[in-house]
Amino acid sequence: MTKSPGLYEPKKEHKFSFGLWTVGNRGRDPFGDFVREALPPDDIVALLGEVGAWGVNFHDNDLVPIDATVGERNRIVASFRKACERHHVVVPMATVNAFFDPVFRDGAYTSNDPAVRAYALQKVLRAMDLGAELGAKIFVVWSGRDGVETDACRDPLEAIKRYREALNYMARYSADRGYGYKFALEAKPNEPRANIYFPTTGHYLAFINTLDDHERFGVNPEVAHEHMAGLNCTHALALAWDAGKLFHLDLNDQMAGCYDQDFRFGSYNLKSAFFVVKFLEDVGYQGSRHFDAHAYRTEDYEGVKDFARGCMRTYLILKEKARLWKQDKQIQQILREIGTPGAVSPEARSFSRAHAAKLLQHAFDRGALAKKRLPYERLDQLTVDLLLGAH
Ligand code: GCO
Ligand code: MN
Ligand code: MN
């Protein structure tokens with residue numbers, strides 16, 4: 001990697017975090033086995049400290065094997081805590097793995113088997129205990145397999161009801177234990193199921209209003225998941241932000257219409273990554289900048305460091321580009337032309353009988369309105385110039 005000015009060096013204040021499962025990803029896919037040795041959690045923390053990350057997140061079983069005894073669990077946690085302290089890495093978020101074990105082959109919280117649903121819940125409660133013990137304040141819920149290949153297997157209304165009951169239970173447990181978790185619900189349209197019940201961030205934003213402690217629930221939009229659904233991630237972020245529900249996010253990249261790729265942030269669609277970063281910086285998002293991605297299968301662990309550094313570096317470059325975008329005279333001139341902020345019609349802004357009467361009487365010059373120049377081609381090219389360093 002080329003020398004970078006200090007501007008692009010990650011600092012703790014940037015709140016860059018990675019999951020144990022991201023930099024620890026060993027490159028197995030449906031067609032090929034592991035290509036990297038397993039890296040123990042404490043070593044992953046060392047790697048994250050070395051590349052300058054702020055936080056580490058984990059699923060329960062990224063840290064503690066599913067069949068560990070209580071004694072083993074406690075030893076692992078104590079050692080991990082020390083590794084975090086030694087490498088100045090914090091634990092902002094925790095989550096649960098309710099998808100890997102064969103017991104979850106038909107989902108966790110929506111499974112048709114009440115014993116599986118109860119086991120999933122037990123696993124969540126323990127994962128919440130684990131996260132809280134290490135300081136996590138956000139609990140991400142990505143249930144993975146709560147979906148179907150065939151709707152013949154389950155009434156979707158029943159699935160939604162079961163899902164709601166599980167989330168209500170989690171929130172009550174967190175309150176009872178005084179954990180103070182904020183729950184960030186992560187949508188994904190498909191993979192590993194053909195259809196997942198909550199496919200987009202928008203679906204979750206609607207559903208959250210039906211939960212008992214709905215103020216404890218927000219969303220965890222993921223760039224790749226919105227792109228898999230053919231959607232615009234910046235719009236999902238905006239909707240979540242507007243609702244006060246942007247509790248966490250997963251930054252990565254993804255080709256539309258492809259399998260779940262989890263590419264390095266900004267590696268595929270730089271322009272959409274730019275608008276994601278610009279949005280987060282414009283609104284002053286204060287949460288984790290979490291990268292849920294992994295290195296190419298061709299890499300060794302040195303390459304994994306390149307991958308992690310690349311995610312953060314690209315974010316910081318795009319942050320700087322967003323600052324320059326706002327200062328660019330030509331861009332700002334076009335924004336003024338198209339925005340005409342002074343020309344707001346009060347009668348169209350808020351309803352009153354008088355406003356409506358005035359609006360109904362107004363004669364609009366449709367022809368003139370339709371002819372007003374909208375130089376978006378130029379605006380977009382100026383953006384591209386800026387991103388390519390040609391301005
Ligand atoms: C995926 C998901 C996961 C979740 C993680 C956190 O596509 O596999 O994005 O990586 O984010 O399980 O709960
Ligand atoms: Mn994902
Ligand atoms: Mn994710």
# chains A, B, ... in the order shown; residues from 1 in each chain; ligands from 1
>>> residues_near_ligand(ligand="ligand 2", cutoff="9 Å", atoms="only C-alpha atoms and all ligand atoms", output="PyMOL selection string")
chain A and resi 186-188+191+222-225+250+252+260-262+292-293
>>> residues_near_ligand(ligand="ligand 1", cutoff="6 Å", atoms="only C-alpha atoms and all ligand atoms", output="list in words")
Thr95, Val140, Val141, Trp142 and Asp292 of chain A
>>> residues_around(residues="stretch 277-291 of chain A", least_positions_apart="4", cutoff="9 Å", atoms="only C-alpha atoms", output="PyMOL selection string")
chain A and resi 14-19+22+54-57+92-93+234+237-238+241+246-252+264-265+272-273+308+311-312+315-316+318-319+321-323
>>> write_last_selection(atoms="N, CA, C and O atoms", output="short mmCIF file (atom, residue, chain, number, x, y, z; two decimals), in the first residue's frame")
data_model
loop_
_atom_site.label_atom_id
_atom_site.label_comp_id
_atom_site.auth_asym_id
_atom_site.auth_seq_id
_atom_site.Cartn_x
_atom_site.Cartn_y
_atom_site.Cartn_z
N HIS A 14 -12.46 7.48 15.19
CA HIS A 14 -13.24 7.13 14.00
C HIS A 14 -14.20 5.97 14.25
O HIS A 14 -15.08 5.70 13.44
N LYS A 15 -13.99 5.29 15.36
CA LYS A 15 -14.86 4.17 15.76
C LYS A 15 -14.97 3.08 14.69
O LYS A 15 -16.07 2.65 14.33
N PHE A 16 -13.82 2.65 14.20
CA PHE A 16 -13.80 1.55 13.24
C PHE A 16 -13.79 0.22 14.00
O PHE A 16 -12.94 0.01 14.87
N SER A 17 -14.73 -0.64 13.67
CA SER A 17 -14.76 -1.94 14.34
C SER A 17 -14.89 -3.06 13.30
O SER A 17 -15.35 -2.85 12.18
N PHE A 18 -14.46 -4.24 13.73
CA PHE A 18 -14.53 -5.45 12.90
C PHE A 18 -15.03 -6.59 13.78
O PHE A 18 -14.74 -6.63 14.97
N GLY A 19 -15.72 -7.53 13.16
CA GLY A 19 -16.13 -8.73 13.89
C GLY A 19 -15.00 -9.74 13.93
O GLY A 19 -14.18 -9.78 13.01
N THR A 22 -14.91 -11.58 10.81
CA THR A 22 -14.57 -10.90 9.55
C THR A 22 -13.08 -11.05 9.25
O THR A 22 -12.70 -11.71 8.29
N TRP A 54 -10.63 0.35 16.33
CA TRP A 54 -11.10 0.78 17.66
C TRP A 54 -11.83 -0.34 18.39
O TRP A 54 -11.67 -0.53 19.58
N GLY A 55 -12.63 -1.12 17.65
CA GLY A 55 -13.48 -2.09 18.33
C GLY A 55 -13.47 -3.47 17.71
O GLY A 55 -13.14 -3.65 16.53
N VAL A 56 -13.86 -4.45 18.53
CA VAL A 56 -14.03 -5.82 18.05
C VAL A 56 -15.41 -6.31 18.49
O VAL A 56 -15.83 -6.07 19.62
N ASN A 57 -16.11 -6.94 17.60
CA ASN A 57 -17.43 -7.48 17.89
C ASN A 57 -17.38 -8.99 17.70
O ASN A 57 -16.50 -9.50 17.01
N PRO A 92 -17.75 -2.91 21.35
CA PRO A 92 -18.97 -2.10 21.31
C PRO A 92 -20.25 -2.91 21.08
O PRO A 92 -21.32 -2.52 21.51
N MET A 93 -20.12 -4.05 20.43
CA MET A 93 -21.33 -4.79 20.02
C MET A 93 -21.12 -6.29 20.21
O MET A 93 -20.01 -6.80 20.08
N THR A 234 -27.78 4.07 0.91
CA THR A 234 -27.85 5.42 1.50
C THR A 234 -29.30 5.77 1.84
O THR A 234 -29.57 6.40 2.86
N LEU A 237 -30.22 4.02 5.00
CA LEU A 237 -29.60 4.70 6.15
C LEU A 237 -30.40 5.96 6.49
O LEU A 237 -30.62 6.28 7.67
N ALA A 238 -30.83 6.68 5.46
CA ALA A 238 -31.56 7.92 5.69
C ALA A 238 -32.90 7.64 6.37
O ALA A 238 -33.29 8.34 7.31
N TRP A 241 -32.12 6.75 9.93
CA TRP A 241 -31.69 7.94 10.67
C TRP A 241 -32.89 8.83 10.99
O TRP A 241 -33.05 9.31 12.12
N LEU A 246 -30.99 4.42 13.64
CA LEU A 246 -29.71 3.94 13.10
C LEU A 246 -28.77 3.63 14.27
O LEU A 246 -27.94 4.43 14.66
N PHE A 247 -28.92 2.42 14.83
CA PHE A 247 -28.17 2.05 16.02
C PHE A 247 -26.79 1.49 15.68
O PHE A 247 -25.89 1.48 16.50
N HIS A 248 -26.63 0.98 14.49
CA HIS A 248 -25.38 0.30 14.12
C HIS A 248 -25.41 0.15 12.61
O HIS A 248 -26.45 0.37 11.99
N LEU A 249 -24.28 -0.20 11.98
CA LEU A 249 -24.33 -0.49 10.55
C LEU A 249 -23.20 -1.42 10.14
O LEU A 249 -22.19 -1.54 10.85
N ASP A 250 -23.38 -2.09 9.02
CA ASP A 250 -22.39 -3.03 8.50
C ASP A 250 -21.91 -2.52 7.15
O ASP A 250 -22.65 -2.52 6.17
N LEU A 251 -20.64 -2.10 7.12
CA LEU A 251 -20.07 -1.57 5.89
C LEU A 251 -19.31 -2.68 5.16
O LEU A 251 -18.50 -3.40 5.77
N ASN A 252 -19.60 -2.82 3.88
CA ASN A 252 -18.88 -3.78 3.03
C ASN A 252 -19.23 -3.44 1.60
O ASN A 252 -19.69 -2.32 1.32
N ARG A 264 -14.46 -5.99 0.69
CA ARG A 264 -13.89 -4.81 1.37
C ARG A 264 -14.72 -3.57 1.02
O ARG A 264 -15.12 -3.38 -0.13
N PHE A 265 -14.93 -2.73 2.02
CA PHE A 265 -15.75 -1.54 1.83
C PHE A 265 -15.20 -0.70 0.67
O PHE A 265 -14.00 -0.40 0.62
N SER A 272 -21.28 4.60 -4.69
CA SER A 272 -22.31 4.42 -3.66
C SER A 272 -21.66 4.42 -2.28
O SER A 272 -22.25 4.90 -1.31
N ALA A 273 -20.43 3.91 -2.17
CA ALA A 273 -19.72 3.99 -0.88
C ALA A 273 -19.51 5.45 -0.48
O ALA A 273 -19.64 5.82 0.69
N ALA A 308 -8.19 -5.11 6.02
CA ALA A 308 -8.75 -4.32 7.12
C ALA A 308 -8.31 -2.86 7.01
O ALA A 308 -9.11 -1.93 7.17
N CYS A 311 -10.32 -1.13 4.24
CA CYS A 311 -11.68 -0.71 4.61
C CYS A 311 -11.65 0.66 5.27
O CYS A 311 -12.43 1.56 4.94
N MET A 312 -10.74 0.81 6.23
CA MET A 312 -10.69 2.05 7.02
C MET A 312 -10.15 3.20 6.17
O MET A 312 -10.66 4.33 6.23
N TYR A 315 -12.72 4.44 3.79
CA TYR A 315 -13.71 5.27 4.51
C TYR A 315 -13.16 6.68 4.72
O TYR A 315 -13.84 7.68 4.45
N LEU A 316 -11.92 6.76 5.18
CA LEU A 316 -11.35 8.09 5.49
C LEU A 316 -11.10 8.92 4.23
O LEU A 316 -11.27 10.14 4.25
N LEU A 318 -12.92 8.73 1.54
CA LEU A 318 -14.26 9.18 1.11
C LEU A 318 -14.79 10.27 2.04
O LEU A 318 -15.50 11.18 1.60
N LYS A 319 -14.42 10.18 3.30
CA LYS A 319 -14.82 11.25 4.24
C LYS A 319 -14.19 12.58 3.82
O LYS A 319 -14.84 13.62 3.84
N LYS A 321 -13.21 13.29 0.80
CA LYS A 321 -13.86 13.68 -0.47
C LYS A 321 -15.20 14.35 -0.19
O LYS A 321 -15.59 15.29 -0.88
N ALA A 322 -15.90 13.85 0.81
CA ALA A 322 -17.20 14.45 1.15
C ALA A 322 -17.01 15.89 1.63
O ALA A 322 -17.81 16.78 1.32
N ARG A 323 -15.93 16.11 2.37
CA ARG A 323 -15.64 17.48 2.84
C ARG A 323 -15.32 18.37 1.63
O ARG A 323 -15.84 19.49 1.52
#
>>> residues_around(residues="A:Arg81", least_positions_apart="2", cutoff="12 Å", atoms="only C-alpha atoms", output="list in words")
Pro41, Asp42, Val45, Ala46, Val56, Leu63, Asn74, Arg75, Ile76, Val77, Ala78, Ser79, Ala83, Cys84, Glu85, Arg86, His87, His88, Val89, Val90, Val91, Leu130, Gly131, Glu133, Leu134 and Gly135 of chain A
>>> write_last_selection(atoms="C-alpha atoms", output="compact mmCIF listing (two decimals), in the first residue's frame")
# COMPACT_ATOMS: atom_id res chain seq x y z
CA PRO A 41 -9.68 -14.60 19.20
CA ASP A 42 -6.87 -13.05 21.27
CA VAL A 45 -7.59 -8.65 18.73
CA ALA A 46 -3.81 -8.18 18.38
CA VAL A 56 -14.03 -5.82 18.05
CA LEU A 63 -15.32 -16.41 21.16
CA ASN A 74 -14.66 -18.14 31.91
CA ARG A 75 -11.01 -18.73 31.06
CA ILE A 76 -11.57 -17.68 27.45
CA VAL A 77 -13.42 -14.52 28.50
CA ALA A 78 -10.75 -13.53 31.03
CA SER A 79 -8.01 -13.97 28.47
CA ALA A 83 -6.10 -9.07 25.07
CA CYS A 84 -8.56 -6.21 24.50
CA GLU A 85 -6.94 -4.17 27.26
CA ARG A 86 -3.43 -4.93 26.01
CA HIS A 87 -4.22 -3.88 22.47
CA HIS A 88 -6.56 -1.00 23.35
CA VAL A 89 -9.51 -2.48 21.56
CA VAL A 90 -13.06 -2.16 22.96
CA VAL A 91 -16.15 -4.35 22.52
CA LEU A 130 -21.30 -12.56 27.42
CA GLY A 131 -21.50 -9.27 25.53
CA GLU A 133 -19.57 -8.87 30.57
CA LEU A 134 -17.18 -7.42 27.99
CA GLY A 135 -18.84 -4.02 27.78
>>> select_by_dssp(residues="stretch 20-201 of chain A", states="alpha helix (DSSP H)", output="compact mmCIF listing (two decimals) with N, CA and C atoms, in the first residue's frame")
# COMPACT_ATOMS: atom_id res chain seq x y z
N LEU A 20 -14.98 -10.56 14.97
CA LEU A 20 -14.01 -11.68 14.99
C LEU A 20 -14.17 -12.53 13.74
N TRP A 21 -15.44 -12.61 13.27
CA TRP A 21 -15.72 -13.47 12.12
C TRP A 21 -15.30 -12.84 10.79
N THR A 22 -14.91 -11.58 10.81
CA THR A 22 -14.57 -10.90 9.55
C THR A 22 -13.08 -11.05 9.25
N VAL A 23 -12.24 -10.48 10.13
CA VAL A 23 -10.80 -10.67 9.92
C VAL A 23 -10.39 -12.11 10.24
N PRO A 41 -9.10 -15.93 18.97
CA PRO A 41 -9.68 -14.60 19.20
C PRO A 41 -8.68 -13.59 19.75
N ASP A 42 -7.82 -14.01 20.69
CA ASP A 42 -6.87 -13.05 21.27
C ASP A 42 -5.90 -12.53 20.21
N ASP A 43 -5.54 -13.40 19.26
CA ASP A 43 -4.63 -12.98 18.17
C ASP A 43 -5.36 -12.07 17.18
N ILE A 44 -6.64 -12.29 17.03
CA ILE A 44 -7.41 -11.40 16.14
C ILE A 44 -7.45 -10.00 16.74
N VAL A 45 -7.60 -9.95 18.05
CA VAL A 45 -7.59 -8.65 18.73
C VAL A 45 -6.23 -7.96 18.52
N ALA A 46 -5.16 -8.75 18.61
CA ALA A 46 -3.81 -8.18 18.38
C ALA A 46 -3.72 -7.62 16.96
N LEU A 47 -4.26 -8.39 16.00
CA LEU A 47 -4.23 -7.93 14.59
C LEU A 47 -5.02 -6.61 14.45
N LEU A 48 -6.17 -6.57 15.11
CA LEU A 48 -6.98 -5.34 15.01
C LEU A 48 -6.28 -4.15 15.66
N GLY A 49 -5.61 -4.42 16.78
CA GLY A 49 -4.85 -3.35 17.42
C GLY A 49 -3.74 -2.86 16.49
N GLU A 50 -3.08 -3.81 15.84
CA GLU A 50 -1.97 -3.46 14.95
C GLU A 50 -2.42 -2.59 13.77
N VAL A 51 -3.58 -2.89 13.21
CA VAL A 51 -4.01 -2.11 12.04
C VAL A 51 -4.71 -0.81 12.45
N ASP A 60 -21.42 -15.08 19.96
CA ASP A 60 -21.06 -15.91 21.12
C ASP A 60 -20.02 -16.97 20.75
N ASN A 61 -20.28 -17.70 19.66
CA ASN A 61 -19.39 -18.84 19.35
C ASN A 61 -18.15 -18.46 18.55
N ASP A 62 -18.01 -17.19 18.19
CA ASP A 62 -16.70 -16.75 17.66
C ASP A 62 -15.69 -16.78 18.79
N LEU A 63 -16.21 -16.51 19.99
CA LEU A 63 -15.32 -16.41 21.16
C LEU A 63 -15.32 -17.71 21.96
N VAL A 70 -18.49 -24.30 31.53
CA VAL A 70 -18.49 -22.97 32.17
C VAL A 70 -17.07 -22.53 32.51
N GLY A 71 -16.27 -23.48 32.98
CA GLY A 71 -14.88 -23.17 33.33
C GLY A 71 -14.09 -22.70 32.11
N GLU A 72 -14.26 -23.43 30.99
CA GLU A 72 -13.56 -23.04 29.76
C GLU A 72 -14.01 -21.65 29.31
N ARG A 73 -15.31 -21.46 29.36
CA ARG A 73 -15.87 -20.16 28.95
C ARG A 73 -15.22 -19.04 29.76
N ASN A 74 -15.17 -19.21 31.06
CA ASN A 74 -14.66 -18.14 31.91
C ASN A 74 -13.18 -17.87 31.65
N ARG A 75 -12.43 -18.92 31.39
CA ARG A 75 -11.01 -18.73 31.06
C ARG A 75 -10.84 -17.97 29.75
N ILE A 76 -11.66 -18.34 28.77
CA ILE A 76 -11.57 -17.68 27.45
C ILE A 76 -11.92 -16.19 27.60
N VAL A 77 -12.96 -15.92 28.35
CA VAL A 77 -13.42 -14.52 28.50
C VAL A 77 -12.35 -13.69 29.22
N ALA A 78 -11.77 -14.27 30.26
CA ALA A 78 -10.75 -13.53 31.03
C ALA A 78 -9.56 -13.21 30.14
N SER A 79 -9.16 -14.18 29.34
CA SER A 79 -8.01 -13.97 28.47
C SER A 79 -8.33 -12.96 27.37
N PHE A 80 -9.52 -13.05 26.84
CA PHE A 80 -9.94 -12.12 25.77
C PHE A 80 -9.99 -10.69 26.31
N ARG A 81 -10.52 -10.56 27.52
CA ARG A 81 -10.59 -9.22 28.13
C ARG A 81 -9.19 -8.61 28.25
N LYS A 82 -8.25 -9.45 28.68
CA LYS A 82 -6.86 -8.96 28.81
C LYS A 82 -6.30 -8.57 27.44
N ALA A 83 -6.59 -9.38 26.42
CA ALA A 83 -6.10 -9.07 25.07
C ALA A 83 -6.67 -7.72 24.61
N CYS A 84 -7.94 -7.50 24.90
CA CYS A 84 -8.56 -6.21 24.50
C CYS A 84 -7.87 -5.05 25.22
N GLU A 85 -7.60 -5.25 26.50
CA GLU A 85 -6.94 -4.17 27.26
C GLU A 85 -5.53 -3.92 26.71
N ARG A 86 -4.81 -5.03 26.48
CA ARG A 86 -3.43 -4.93 26.01
C ARG A 86 -3.34 -4.20 24.67
N PRO A 114 -40.99 -25.85 19.05
CA PRO A 114 -40.88 -24.95 20.22
C PRO A 114 -39.60 -25.16 21.01
N ALA A 115 -39.06 -26.39 21.00
CA ALA A 115 -37.81 -26.63 21.73
C ALA A 115 -36.64 -25.91 21.05
N VAL A 116 -36.66 -25.86 19.73
CA VAL A 116 -35.60 -25.13 19.01
C VAL A 116 -35.73 -23.63 19.30
N ARG A 117 -36.96 -23.15 19.32
CA ARG A 117 -37.17 -21.71 19.61
C ARG A 117 -36.67 -21.39 21.03
N ALA A 118 -36.96 -22.28 21.96
CA ALA A 118 -36.53 -22.05 23.35
C ALA A 118 -35.00 -22.12 23.44
N TYR A 119 -34.40 -23.07 22.72
CA TYR A 119 -32.93 -23.18 22.73
C TYR A 119 -32.30 -21.91 22.14
N ALA A 120 -32.90 -21.41 21.06
CA ALA A 120 -32.38 -20.19 20.43
C ALA A 120 -32.42 -19.03 21.42
N LEU A 121 -33.51 -18.96 22.14
CA LEU A 121 -33.66 -17.88 23.11
C LEU A 121 -32.63 -18.02 24.24
N GLN A 122 -32.45 -19.26 24.70
CA GLN A 122 -31.44 -19.49 25.75
C GLN A 122 -30.06 -19.04 25.25
N LYS A 123 -29.79 -19.34 24.00
CA LYS A 123 -28.50 -18.99 23.41
C LYS A 123 -28.35 -17.46 23.34
N VAL A 124 -29.43 -16.79 23.00
CA VAL A 124 -29.39 -15.32 22.94
C VAL A 124 -29.13 -14.75 24.33
N LEU A 125 -29.83 -15.27 25.33
CA LEU A 125 -29.67 -14.72 26.69
C LEU A 125 -28.21 -14.89 27.14
N ARG A 126 -27.65 -16.04 26.84
CA ARG A 126 -26.24 -16.27 27.23
C ARG A 126 -25.30 -15.36 26.43
N ALA A 127 -25.65 -15.14 25.16
CA ALA A 127 -24.82 -14.24 24.34
C ALA A 127 -24.93 -12.81 24.87
N MET A 128 -26.10 -12.45 25.37
CA MET A 128 -26.26 -11.12 25.96
C MET A 128 -25.44 -11.00 27.24
N ASP A 129 -25.43 -12.06 28.04
CA ASP A 129 -24.59 -12.06 29.26
C ASP A 129 -23.12 -11.85 28.88
N LEU A 130 -22.70 -12.61 27.86
CA LEU A 130 -21.30 -12.56 27.42
C LEU A 130 -20.92 -11.17 26.93
N GLY A 131 -21.78 -10.61 26.08
CA GLY A 131 -21.50 -9.27 25.53
C GLY A 131 -21.43 -8.24 26.65
N ALA A 132 -22.40 -8.31 27.57
CA ALA A 132 -22.46 -7.32 28.65
C ALA A 132 -21.21 -7.42 29.53
N GLU A 133 -20.76 -8.66 29.74
CA GLU A 133 -19.57 -8.87 30.57
C GLU A 133 -18.35 -8.17 29.97
N PRO A 156 -46.68 -17.38 7.28
CA PRO A 156 -45.80 -16.23 7.57
C PRO A 156 -46.30 -15.38 8.73
N LEU A 157 -47.61 -15.35 8.95
CA LEU A 157 -48.12 -14.58 10.10
C LEU A 157 -47.66 -15.20 11.41
N GLU A 158 -47.63 -16.53 11.44
CA GLU A 158 -47.17 -17.24 12.63
C GLU A 158 -45.68 -16.94 12.84
N ALA A 159 -44.91 -16.91 11.75
CA ALA A 159 -43.48 -16.62 11.85
C ALA A 159 -43.26 -15.23 12.43
N ILE A 160 -44.01 -14.28 11.94
CA ILE A 160 -43.86 -12.89 12.41
C ILE A 160 -44.20 -12.80 13.90
N LYS A 161 -45.25 -13.50 14.28
CA LYS A 161 -45.67 -13.50 15.70
C LYS A 161 -44.55 -14.11 16.58
N ARG A 162 -44.01 -15.23 16.15
CA ARG A 162 -42.94 -15.88 16.93
C ARG A 162 -41.71 -14.97 17.02
N TYR A 163 -41.41 -14.33 15.94
CA TYR A 163 -40.24 -13.44 15.91
C TYR A 163 -40.44 -12.29 16.91
N ARG A 164 -41.65 -11.74 16.90
CA ARG A 164 -41.97 -10.63 17.81
C ARG A 164 -41.84 -11.07 19.26
N GLU A 165 -42.36 -12.26 19.56
CA GLU A 165 -42.28 -12.76 20.94
C GLU A 165 -40.84 -12.91 21.39
N ALA A 166 -39.99 -13.39 20.48
CA ALA A 166 -38.57 -13.58 20.83
C ALA A 166 -37.91 -12.23 21.12
N LEU A 167 -38.17 -11.26 20.26
CA LEU A 167 -37.53 -9.94 20.46
C LEU A 167 -38.04 -9.28 21.74
N ASN A 168 -39.34 -9.42 22.00
CA ASN A 168 -39.88 -8.86 23.25
C ASN A 168 -39.20 -9.49 24.47
N TYR A 169 -38.98 -10.78 24.38
CA TYR A 169 -38.34 -11.51 25.48
C TYR A 169 -36.92 -10.98 25.71
N MET A 170 -36.17 -10.80 24.61
CA MET A 170 -34.78 -10.31 24.71
C MET A 170 -34.74 -8.95 25.40
N ALA A 171 -35.64 -8.07 25.01
CA ALA A 171 -35.63 -6.71 25.58
C ALA A 171 -35.96 -6.75 27.06
N ARG A 172 -36.90 -7.63 27.44
CA ARG A 172 -37.27 -7.73 28.85
C ARG A 172 -36.10 -8.27 29.67
N TYR A 173 -35.40 -9.24 29.12
CA TYR A 173 -34.25 -9.82 29.81
C TYR A 173 -33.16 -8.77 30.01
N SER A 174 -32.90 -8.02 28.96
CA SER A 174 -31.86 -6.97 29.04
C SER A 174 -32.22 -5.95 30.12
N ALA A 175 -33.50 -5.58 30.15
CA ALA A 175 -33.95 -4.60 31.16
C ALA A 175 -33.82 -5.19 32.56
N ASP A 176 -34.23 -6.45 32.70
CA ASP A 176 -34.20 -7.11 34.01
C ASP A 176 -32.78 -7.22 34.55
N ARG A 177 -31.83 -7.49 33.65
CA ARG A 177 -30.43 -7.60 34.07
C ARG A 177 -29.72 -6.25 34.15
N THR A 201 -34.09 -3.27 5.42
CA THR A 201 -34.15 -2.37 6.57
C THR A 201 -35.54 -1.75 6.71
>>> decode(residues="stretch 339-389 of chain A", atoms="C-alpha atoms", output="CSV table (one decimal), in the first residue's frame")
chain,number,residue,atom,x,y,z
A,339,GLY,CA,-32.4,23.7,-4.6
A,340,THR,CA,-33.8,27.2,-4.8
A,341,PRO,CA,-34.3,27.2,-1.0
A,342,GLY,CA,-35.8,30.7,-0.9
A,343,ALA,CA,-38.7,29.7,-3.2
A,344,VAL,CA,-40.6,27.5,-0.7
A,345,SER,CA,-44.4,28.0,-1.1
A,346,PRO,CA,-45.8,28.3,2.4
A,347,GLU,CA,-49.2,27.1,1.3
A,348,ALA,CA,-47.7,23.8,0.2
A,349,ARG,CA,-45.7,23.3,3.3
A,350,SER,CA,-48.3,22.6,6.0
A,351,PHE,CA,-52.0,22.1,5.8
A,352,SER,CA,-54.5,24.8,6.9
A,353,ARG,CA,-57.8,25.5,5.2
A,354,ALA,CA,-56.5,28.9,4.1
A,355,HIS,CA,-53.3,27.3,2.7
A,356,ALA,CA,-55.3,24.7,0.8
A,357,ALA,CA,-57.6,27.3,-0.6
A,358,LYS,CA,-54.7,29.3,-1.8
A,359,LEU,CA,-53.0,26.3,-3.3
A,360,LEU,CA,-56.2,25.3,-5.1
A,361,GLN,CA,-56.4,28.7,-6.7
A,362,HIS,CA,-52.8,29.0,-7.7
A,363,ALA,CA,-52.1,28.9,-11.5
A,364,PHE,CA,-48.9,26.9,-12.1
A,365,ASP,CA,-46.8,27.5,-15.2
A,366,ARG,CA,-46.2,23.8,-16.0
A,367,GLY,CA,-44.3,24.6,-19.1
A,368,ALA,CA,-41.8,26.8,-17.3
A,369,LEU,CA,-41.5,24.3,-14.5
A,370,ALA,CA,-40.8,21.5,-16.9
A,371,LYS,CA,-38.2,23.5,-18.7
A,372,LYS,CA,-36.1,24.4,-15.7
A,373,ARG,CA,-32.6,23.1,-16.2
A,374,LEU,CA,-31.5,20.2,-13.9
A,375,PRO,CA,-27.8,19.8,-14.7
A,376,TYR,CA,-27.4,16.5,-12.9
A,377,GLU,CA,-25.1,15.1,-15.6
A,378,ARG,CA,-22.7,17.9,-14.8
A,379,LEU,CA,-23.2,17.5,-11.1
A,380,ASP,CA,-22.6,13.8,-11.2
A,381,GLN,CA,-19.5,14.2,-13.4
A,382,LEU,CA,-18.1,16.8,-11.0
A,383,THR,CA,-18.6,14.2,-8.3
A,384,VAL,CA,-16.8,11.6,-10.4
A,385,ASP,CA,-14.0,14.0,-11.1
A,386,LEU,CA,-13.6,14.7,-7.4
A,387,LEU,CA,-13.6,11.0,-6.6
A,388,LEU,CA,-11.1,10.3,-9.3
A,389,GLY,CA,-8.9,13.2,-8.2
